[in-house]
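**Student:** My questions all concern the structure below.
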Amino acid sequence: MPYPLHIQIQIIVLVIVVAIICVYLVRHYLFTLNRLFGRQRYPYLDIDEADWPFVTVVVPCHNEEKVISRVLDALLDVDYPEHRLRVVPLDDRSTDRTAAIIADYSARHRHRIFGLHRKEGVAGKGAALEWAMNYIATDIVLIFDADYVPGIGLIKQLVAPFFDPEVGAVMGRVVPQNVHRRMITRLIDLERSGGYQVDQQARMNLGLVPQYGGTVGGVRRSALQSVGGWGSDSLAEDTDATFRLLLGGWKTVYQNRSECYEEVPEDWDARKHQVTRWARGHNQCLARYLRPLWMRPGVSWLEKVDGSLLLGIYAMPLMMIVGWAVALSLWFLGVNKAGLIIVLMVAIYSTLGNFATFYEVAAATHLDGTRHRARLIPFIAVGFLVTLFAVATGTLAQIISHDSRRPLRWQRTEKKGDGG
Amino acid sequence: MSVPVTTFVFFALVLFCAVLPFVPALRELQFHRDATPLTVSRRSRVDVRHFANGLRDFLQARLGWVMNEVRQSRTPAEGHGEGVGSYVVVPSGAELEVATVEGRLVVGTGELVLRGAGELNCEVYAAGDLCFTHATRIRAVLSEGDLELAPRSRILRWVHAGHHLVVGEETQLFGRASADEALFLRPGTFFERLHAPTILVGVAKPEEPTHPDPDRRLDPGELGHNVDVRANRVLVEGDLQLPANSLVECDIVARGNLYVGPGARVRGSLKAHGQVVVEEGAWLEGAVVAVGRIEIRRGTYVHGPILTEEELWIGVDARIGDLDRPSTARARSIEITERARVHGSLWAAETGKVVSS
């Protein structure tokens, strides 16, 4: 006897959710196995001698008085040819001492640091970068957020891939510096390891779609401008740029061994806001680029599949919650689909975290040679639950309120500035 | 066993299994055994002289006083030091039989000659010129002056010369080989990573690539029917052939093979998803990147880096980089022909070989 319509709909929804989650499950396994046993690609890392091009390093900042000096000092110390490197701290309407600190550095290092001060216009990092491009002459533009500390050789490593004329953007690896502070910083450290050491590098190995992350990386300005610039209306200018470059025939390169320290959030509230912000931006890109990605000739099938999964990653928590709700509903309605429910549960367990799943994190700690920190993996479930509900509520709010039309503003995570 | 007991045991077991992983997790949280940030410095990989500098600093710290004494007294010293092992320090102008110093750290306070074949499982250092007269298997060598390796020698880790490094025929250079001035290779040499302001292959003086004078300038739109021109880059679906003696002033990406005709000049970088062949006398002012094999034929000049994850073949009289603007050629395997010249770095991820012309 057929089930009533509402039950049939629930079963269909559950099957779709399970199918999508299983696709992500396979993806995570593939990435992990590739990193452990596959051929590893670092094609640009060995460029140690070259006629290095002129480069501008932009440091967008909004009320960053605690950390701005640290990043500027680090950039003054890099081994890139001095006369070919310009550092541009971009102050966007700071109300603290950021502008004064930048002015002081610009005065003391006249030929190397050129501060820009933005007083009006649309708020947000994308808009600020778009504005700054009017004052930048070089084709290669690297971007570091103010709470990052680049090492001596990092600039050369990030510039090297741009010798390849197909490369439109480059992304380095982000490494948390304030790891020991709290449980949350240690969990974020594990998530970052999984995300970069396994996910991003596997995408690089397999010729998929590594993501430009907006900091510790850079873009070829002419390429980005040919596909519409920074996109000042975007909630996530980095993901937006990744997909527009891909659609325009440019590649994004991930450099796993080009690492840079960052300061990660030290309380759950800040983390929740950070993840919600990322989710909103990512979902905006999902709505914008999913269809064009599949319609675009010249983008390989593998890139289309991986790009779609990358776009959909922040829609997954909401989908998981829907799956759980439907599974519970079917259970209590007495529908005998236990097998399906078990598959769903196993799949959810196996893909736990979505961003840095258990096995990806374990593989990442193994690759990093830091086995003791792998012992914290059981606690990732805590981080996962916070992420799950932060992303789900953010996504839901976005769907209900169409909040991508709201005016943009600077979204930043509070930093301590003491380097951990 | 009754049902309640079985149920209790089952749930207790489940709870135990669930809680068990948290025991090491809680201990790690409490004791912070692995809570330092990951190390991000990779100077050893980036800096080709990293190990040479390390050995110099190590010797200065551990054996500096012995070296000073030997310099002044001009008599050799032998000994055994903690962290140093067995060592021998000799004055400038000394000549040693390899067989007599096997298994010892060899330090020359000036010029040094090592005679006879054998194995040196420790490092060899010379504050002046250093010469190996016979095929020797050596762990690592640092010479502050000129360094000469006899034919069929074998370097296991690294070798660095403060001035010139001359490598005999059929020598095997595992790891890094570098010189602060010039590196001379002979046919049959196997290498992995080479670095010097000038790397010369063979004994004959190479001919300078001639600056071509192109017949006509090609506009990006003339490069094919199915091309995407944006941001001074031409994206071509399929193969592309640049005509002989043509001039192109943009970057080119071909999603097939790329063939650069003889005497062509490119003011930009090239990339192919297949192979790249650069014909005789071509002049490339940018980089050359390929997913497949790259052939740089006779008398060509490439200014920018050359990168492939497959094979690279460098022909007679080809030149990569300039003395004042060095470059990098990197491939899975490299074959470099006599009279070719590289200014900068030559990296073979698996095998590099010097072949006769």
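Identifiers in this document derive from the order of the structure tokens: chains are assigned A, B, ..., residues are numbered from 1 separately in each chain, and ligands are numbered from 1 in order of occurrence.
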Give the residues of chain A that lie within 8 Å of chain B; count only C-alpha atoms, and format the answer as a ChimeraX atom specification.
**Tutor:** /A:43-44,46-51,151,153,163-166,175-180,183,186,222-223,225-226,249,258-261,368,370-373,375-379
**Student:** Write out as a ChimeraX atom specification which residues come within 10 Å of Gly162 (chain B) when counting only C-alpha atoms, dropping same-chain ones fewer than 6 positions away.
**Tutor:** /B:52,127-129,142-147,178-182
**Student:** What does the structure give for the distance between CA of Gln157 (chain A) and CA of Leu55 (chain B), in Å to one decimal?
**Tutor:**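 These atoms are spaced 26.0 Å apart.
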**Student:** Which polymer residues have any atom within 10 Å of an atom of Asn205 (chain A), counting only C-alpha atoms, with same-chain residues fewer than 4 positions away left out, as a ChimeraX atom specification?
**Tutor:** /A:31,34-35,38-43,199-201,210,254
**Student:** Could you list, as an MDAnalysis selection string, every residue within 12 Å of Gly81 (chain B), counting only C-alpha atoms and ignoring same-chain residues fewer than 4 positions away?
**Tutor:** chainID B and resid 59 61:63 66 85:88 104:105
**Student:** Write out as a ChimeraX atom specification the residues lying within 12 Å of Arg244 (chain A), counting only C-alpha atoms and excluding same-chain residues fewer than 5 positions away.
**Tutor:** /A:168-169,209,211-212,223-231,234,237-239,249-252,285,288-290,292-293,296,299,307
**Student:** Please return as a ChimeraX atom specification: the residues of region 170-318 of chain B that backbone DSSP assigns to strand (DSSP E).
**Tutor:** /B:172-179,182-185,190-201,216-218,227-230,233-236,240-242,246-248,251-254,258-260,265-266,270-272,276-278,283-284,288-290,294-296,301-302,306-308,311-314
**Student:** Leaving out Arg339 (chain B) and any residue of its chain fewer than 5 positions from it, which residues lie within 6 Å of it when counting only C-alpha atoms, given as an MDAnalysis selection string?
**Tutor:** chainID B and resid 201:202 206 316:317
**Student:** So, counting only C-alpha atoms, which residue among A:Leu85, A:Ala19, A:Gln197, A:Ala397 is closest to Gly369 (chain A)?
**Tutor:**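 Once distances to Gly369 (chain A) are computed over only C-alpha atoms, the minimum belongs to A:Gln197.
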**Student:** Could you pull the residues within 10 Å of Tyr80 (chain A), counting only C-alpha atoms, minus those fewer than 4 positions along the same chain, as a VMD selection string?
**Tutor:** chain A and resid 52 to 55 75 to 76 84 to 85 152 to 157 159
**Student:** Hey, can you check how far CA of Ala340 (chain B) sits from CA of Arg319 (chain B)?
**Tutor:**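 Computed distance, CA of Ala340 (chain B) to CA of Arg319 (chain B), equals 6.1 Å.
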**Student:** From the list A:Leu129, A:Val57, A:Val253, A:Val149, which residue is nearest Arg112 (chain A) when using only C-alpha atoms?
**Tutor:** A:Val57
